[in-house]
>>> print(open('my_file_17.csv').read())   # CSV, C-alpha atoms
chain,number,residue,atom,x,y,z
A,1,MET,CA,22.8,-67.0,-20.4
A,2,ALA,CA,19.3,-66.9,-21.7
A,3,SER,CA,18.2,-69.7,-24.1
A,4,LEU,CA,18.7,-68.9,-27.7
A,5,MET,CA,17.5,-71.1,-30.5
A,6,MET,CA,19.1,-70.8,-34.0
A,7,ALA,CA,18.7,-72.4,-37.4
A,8,GLN,CA,21.4,-72.5,-39.9
A,9,ILE,CA,20.9,-72.8,-43.6
A,10,SER,CA,23.8,-72.9,-46.1
A,11,ASP,CA,24.6,-73.6,-49.7
A,12,LEU,CA,21.2,-72.6,-51.0
A,13,HIS,CA,22.4,-71.9,-54.5
A,14,ILE,CA,19.1,-70.2,-55.3
A,15,LYS,CA,18.5,-69.7,-59.0
A,16,CYS,CA,15.7,-67.8,-60.6
A,17,GLU,CA,12.2,-69.3,-60.4
A,18,GLY,CA,11.9,-72.2,-62.8
A,19,GLU,CA,15.6,-72.7,-63.3
A,20,LEU,CA,17.3,-75.9,-62.1
A,21,SER,CA,20.8,-76.0,-60.5
A,22,TYR,CA,23.0,-78.2,-62.7
A,23,GLY,CA,19.9,-78.9,-64.7
A,24,VAL,CA,18.6,-81.2,-61.9
A,25,VAL,CA,18.1,-79.5,-58.6
A,26,ASP,CA,15.1,-77.2,-57.9
A,27,THR,CA,16.8,-75.1,-55.2
A,28,VAL,CA,13.8,-72.8,-55.0
A,29,ALA,CA,11.5,-75.6,-54.1
A,30,MET,CA,14.0,-77.0,-51.6
A,31,LEU,CA,14.3,-73.7,-49.8
A,32,ARG,CA,10.5,-73.3,-49.7
A,33,ARG,CA,10.3,-76.7,-48.0
A,34,CYS,CA,13.1,-75.7,-45.6
A,35,ILE,CA,11.4,-72.5,-44.6
A,36,ALA,CA,8.0,-74.3,-44.2
A,37,HIS,CA,9.8,-76.7,-41.8
A,38,ILE,CA,11.4,-73.9,-39.8
A,39,THR,CA,8.1,-71.9,-39.5
A,40,ALA,CA,6.2,-75.1,-38.4
A,41,LEU,CA,8.6,-76.0,-35.6
A,42,PRO,CA,6.9,-76.2,-32.2
A,43,ARG,CA,9.6,-73.8,-30.9
A,44,ARG,CA,10.6,-71.5,-33.7
A,45,PRO,CA,14.2,-70.3,-33.8
A,46,ASP,CA,15.0,-66.9,-32.5
A,47,LEU,CA,17.2,-66.2,-35.6
A,48,VAL,CA,18.4,-67.9,-38.8
A,49,LEU,CA,22.0,-67.9,-40.0
A,50,ALA,CA,22.4,-68.2,-43.8
A,51,THR,CA,26.0,-69.1,-44.3
A,52,GLY,CA,27.0,-68.6,-47.9
A,53,ASP,CA,26.4,-69.6,-51.4
A,54,LEU,CA,23.0,-68.0,-51.0
A,55,VAL,CA,22.5,-67.8,-54.7
A,56,ASP,CA,24.2,-69.6,-57.6
A,57,SER,CA,25.7,-66.9,-59.8
A,58,GLY,CA,25.4,-63.7,-57.7
A,59,SER,CA,22.8,-62.0,-59.9
A,60,ALA,CA,20.3,-59.4,-58.7
A,61,ARG,CA,17.4,-61.6,-60.0
A,62,GLU,CA,18.6,-64.5,-57.9
A,63,TYR,CA,18.9,-62.3,-54.8
A,64,ALA,CA,15.4,-61.0,-55.5
A,65,THR,CA,14.2,-64.6,-55.6
A,66,LEU,CA,16.0,-65.4,-52.4
A,67,ARG,CA,14.5,-62.3,-50.7
A,68,ARG,CA,11.0,-63.4,-51.6
A,69,LEU,CA,11.7,-66.9,-50.4
A,70,LEU,CA,12.9,-65.6,-47.0
A,71,GLU,CA,9.9,-63.4,-46.4
A,72,PRO,CA,7.9,-66.0,-44.4
A,73,LEU,CA,10.6,-66.0,-41.7
A,74,ASP,CA,9.5,-63.5,-39.0
A,75,MET,CA,12.8,-63.7,-37.1
A,76,PRO,CA,16.1,-62.0,-38.0
A,77,VAL,CA,18.1,-63.6,-40.8
A,78,TYR,CA,21.8,-63.0,-40.8
A,79,LEU,CA,23.5,-63.4,-44.2
A,80,ILE,CA,27.2,-64.1,-45.0
A,81,PRO,CA,28.5,-64.6,-48.5
A,82,GLY,CA,30.0,-67.7,-50.0
A,83,ASN,CA,32.1,-68.2,-53.2
A,84,HIS,CA,29.0,-68.1,-55.4
A,85,ASP,CA,27.8,-64.8,-54.0
A,86,ASP,CA,28.5,-61.2,-55.1
A,87,ARG,CA,29.1,-58.9,-52.1
A,88,ALA,CA,28.0,-55.7,-53.9
A,89,VAL,CA,24.8,-57.2,-55.3
A,90,LEU,CA,24.0,-58.9,-52.0
A,91,ARG,CA,24.3,-55.5,-50.2
A,92,GLU,CA,22.1,-53.8,-52.9
A,93,CYS,CA,19.4,-56.4,-52.7
A,94,PHE,CA,19.2,-56.4,-48.9
A,95,PRO,CA,19.2,-52.7,-48.0
A,96,ASP,CA,17.3,-53.4,-44.8
A,97,HIS,CA,20.2,-55.4,-43.4
A,98,PRO,CA,22.5,-52.5,-42.3
A,99,TRP,CA,25.1,-54.8,-40.9
A,100,LEU,CA,26.0,-55.9,-44.4
A,101,ARG,CA,27.5,-52.4,-44.9
A,102,GLU,CA,29.5,-52.2,-41.7
A,103,TRP,CA,33.0,-53.0,-43.0
A,104,GLN,CA,34.3,-52.6,-46.5
A,105,PRO,CA,35.5,-54.2,-48.7
A,106,TYR,CA,34.5,-57.4,-46.9
A,107,LEU,CA,31.1,-58.4,-45.5
A,108,GLN,CA,31.9,-58.8,-41.8
A,109,TYR,CA,29.9,-57.7,-38.8
A,110,ALA,CA,29.1,-58.3,-35.2
A,111,ILE,CA,25.7,-58.9,-33.7
A,112,ASP,CA,25.9,-57.8,-30.0
A,113,GLU,CA,22.2,-57.6,-29.1
A,114,LEU,CA,21.7,-61.2,-28.3
A,115,PRO,CA,22.7,-63.4,-25.3
A,116,LEU,CA,25.2,-65.0,-27.7
A,117,ARG,CA,27.5,-62.7,-29.7
A,118,ILE,CA,27.7,-63.5,-33.4
A,119,LEU,CA,30.7,-62.5,-35.5
A,120,ALA,CA,30.1,-63.0,-39.2
A,121,LEU,CA,33.3,-63.5,-41.2
A,122,ASP,CA,33.7,-63.1,-44.9
A,123,SER,CA,36.0,-65.9,-46.1
A,124,VAL,CA,35.4,-65.4,-49.8
A,125,VAL,CA,38.3,-65.0,-52.1
A,126,SER,CA,37.0,-63.5,-55.4
A,127,GLY,CA,37.3,-65.9,-58.3
A,128,GLU,CA,38.2,-68.9,-56.1
A,129,GLU,CA,36.1,-71.8,-54.7
A,130,GLY,CA,38.1,-72.1,-51.5
A,131,GLY,CA,38.1,-69.5,-48.8
A,132,ARG,CA,40.7,-67.7,-46.7
A,133,LEU,CA,40.9,-65.2,-44.0
A,134,CYS,CA,43.6,-62.6,-44.9
A,135,GLU,CA,45.5,-60.5,-42.4
A,136,ALA,CA,42.9,-57.7,-42.6
A,137,ARG,CA,40.0,-60.0,-41.8
A,138,LEU,CA,41.9,-61.7,-39.1
A,139,ALA,CA,42.8,-58.4,-37.6
A,140,TRP,CA,39.1,-57.4,-37.6
A,141,LEU,CA,38.3,-60.7,-35.9
A,142,ALA,CA,41.0,-60.1,-33.2
A,143,ASP,CA,39.6,-56.6,-32.5
A,144,ALA,CA,36.0,-57.9,-32.4
A,145,LEU,CA,37.0,-60.7,-30.0
A,146,SER,CA,39.0,-58.4,-27.7
A,147,ALA,CA,36.1,-56.0,-27.5
A,148,ALA,CA,34.0,-58.5,-25.5
A,149,PRO,CA,36.4,-61.2,-24.2
A,150,ARG,CA,34.0,-62.7,-21.7
A,151,GLN,CA,30.9,-62.7,-24.0
A,152,PRO,CA,30.1,-66.2,-25.4
A,153,THR,CA,30.7,-65.8,-29.1
A,154,LEU,CA,29.7,-67.8,-32.2
A,155,LEU,CA,31.8,-67.4,-35.4
A,156,MET,CA,29.7,-67.6,-38.6
A,157,LEU,CA,31.4,-68.1,-42.0
A,158,HIS,CA,31.0,-70.1,-45.2
A,159,HIS,CA,34.2,-72.0,-45.6
A,160,PRO,CA,35.6,-74.4,-43.1
>>> encode(input="my_file_17.csv", output="structure tokens")
Amino acid sequence: MASLMMAQISDLHIKCEGELSYGVVDTVAMLRRCIAHITALPRRPDLVLATGDLVDSGSAREYATLRRLLEPLDMPVYLIPGNHDDRAVLRECFPDHPWLREWQPYLQYAIDELPLRILALDSVVSGEEGGRLCEARLAWLADALSAAPRQPTLLMLHHP
């Protein structure tokens, strides 16, 4: 298998510019520093996995801020929702990410173009902090795994 370098970012909780999370944390500034670090690496990642709680309240304004913050990344960025995200708004704000619309009502997809197959699983249960994979999502996973049983595969999701 060819070498593949990935970066994972999670629990960004991006708020609108100038707003502090819990009145204390400047998540926008923190993500800017994180992205500056990623782009300054001597060997930059081939892709970035953003594994949930991308924004804090699921608003279009927060996703617009997130989108602007991610612009310096010139590699693919694969998104998956967390319990603070809104699937519909996420899809609307990232129309250039066609994989976000592959499977309704959940946000699950397979990336098969890489040496390592990535299966993104939506573990969000609306209105709850914890996550769960229901029968439909587990059936999707079983089908996706059986479609390429010998391919090295990484599962990407927000909740443990």
>>> closest_residue(input="my_file_17.csv", among="A:Ala148, A:Ala64, A:Ala136, A:Ile80", to="Leu121 (chain A)", atoms="all atoms listed in the file")
A:Ile80
>>> residues_around(input="my_file_17.csv", residues="Met75 (chain A)", least_positions_apart="2", cutoff="9 Å", atoms="all atoms listed in the file", output="PyMOL selection string")
chain A and resi 44-48+73+77
>>> closest_residue(input="my_file_17.csv", among="A:Val25, A:Ala88, A:Ile111, A:Ile14", to="Tyr63 (chain A)", atoms="all atoms listed in the file")
A:Ile14
>>> closest_residue(input="my_file_17.csv", among="A:Ala50, A:Arg61, A:Leu154, A:Leu69", to="Met30 (chain A)", atoms="all atoms listed in the file")
A:Leu69
>>> closest_residue(input="my_file_17.csv", among="A:Leu4, A:His84, A:Pro152, A:Leu114", to="Arg43 (chain A)", atoms="all atoms listed in the file")
A:Leu4
>>> closest_residue(input="my_file_17.csv", among="A:Leu100, A:Arg137, A:His158, A:Arg117", to="Leu12 (chain A)", atoms="all atoms listed in the file")
A:His158
>>> atom_distance(input="my_file_17.csv", atom1="CA of Trp103 (chain A)", atom2="CA of Asp122 (chain A)")
10.3 Å
>>> closest_residue(input="my_file_17.csv", among="A:Glu71, A:Ser57, A:Leu116, A:Glu129", to="Arg87 (chain A)", atoms="only C-alpha atoms")
A:Ser57
>>> residues_around(input="my_file_17.csv", residues="Gly58 (chain A)", least_positions_apart="6", cutoff="12 Å", atoms="only C-alpha atoms", output="CSV table (one decimal) with C-alpha atoms, in the coordinates of the input")
chain,number,residue,atom,x,y,z
A,12,LEU,CA,21.2,-72.6,-51.0
A,13,HIS,CA,22.4,-71.9,-54.5
A,14,ILE,CA,19.1,-70.2,-55.3
A,15,LYS,CA,18.5,-69.7,-59.0
A,16,CYS,CA,15.7,-67.8,-60.6
A,52,GLY,CA,27.0,-68.6,-47.9
A,64,ALA,CA,15.4,-61.0,-55.5
A,65,THR,CA,14.2,-64.6,-55.6
A,66,LEU,CA,16.0,-65.4,-52.4
A,81,PRO,CA,28.5,-64.6,-48.5
A,82,GLY,CA,30.0,-67.7,-50.0
A,83,ASN,CA,32.1,-68.2,-53.2
A,84,HIS,CA,29.0,-68.1,-55.4
A,85,ASP,CA,27.8,-64.8,-54.0
A,86,ASP,CA,28.5,-61.2,-55.1
A,87,ARG,CA,29.1,-58.9,-52.1
A,88,ALA,CA,28.0,-55.7,-53.9
A,89,VAL,CA,24.8,-57.2,-55.3
A,90,LEU,CA,24.0,-58.9,-52.0
A,91,ARG,CA,24.3,-55.5,-50.2
A,92,GLU,CA,22.1,-53.8,-52.9
A,93,CYS,CA,19.4,-56.4,-52.7
A,126,SER,CA,37.0,-63.5,-55.4
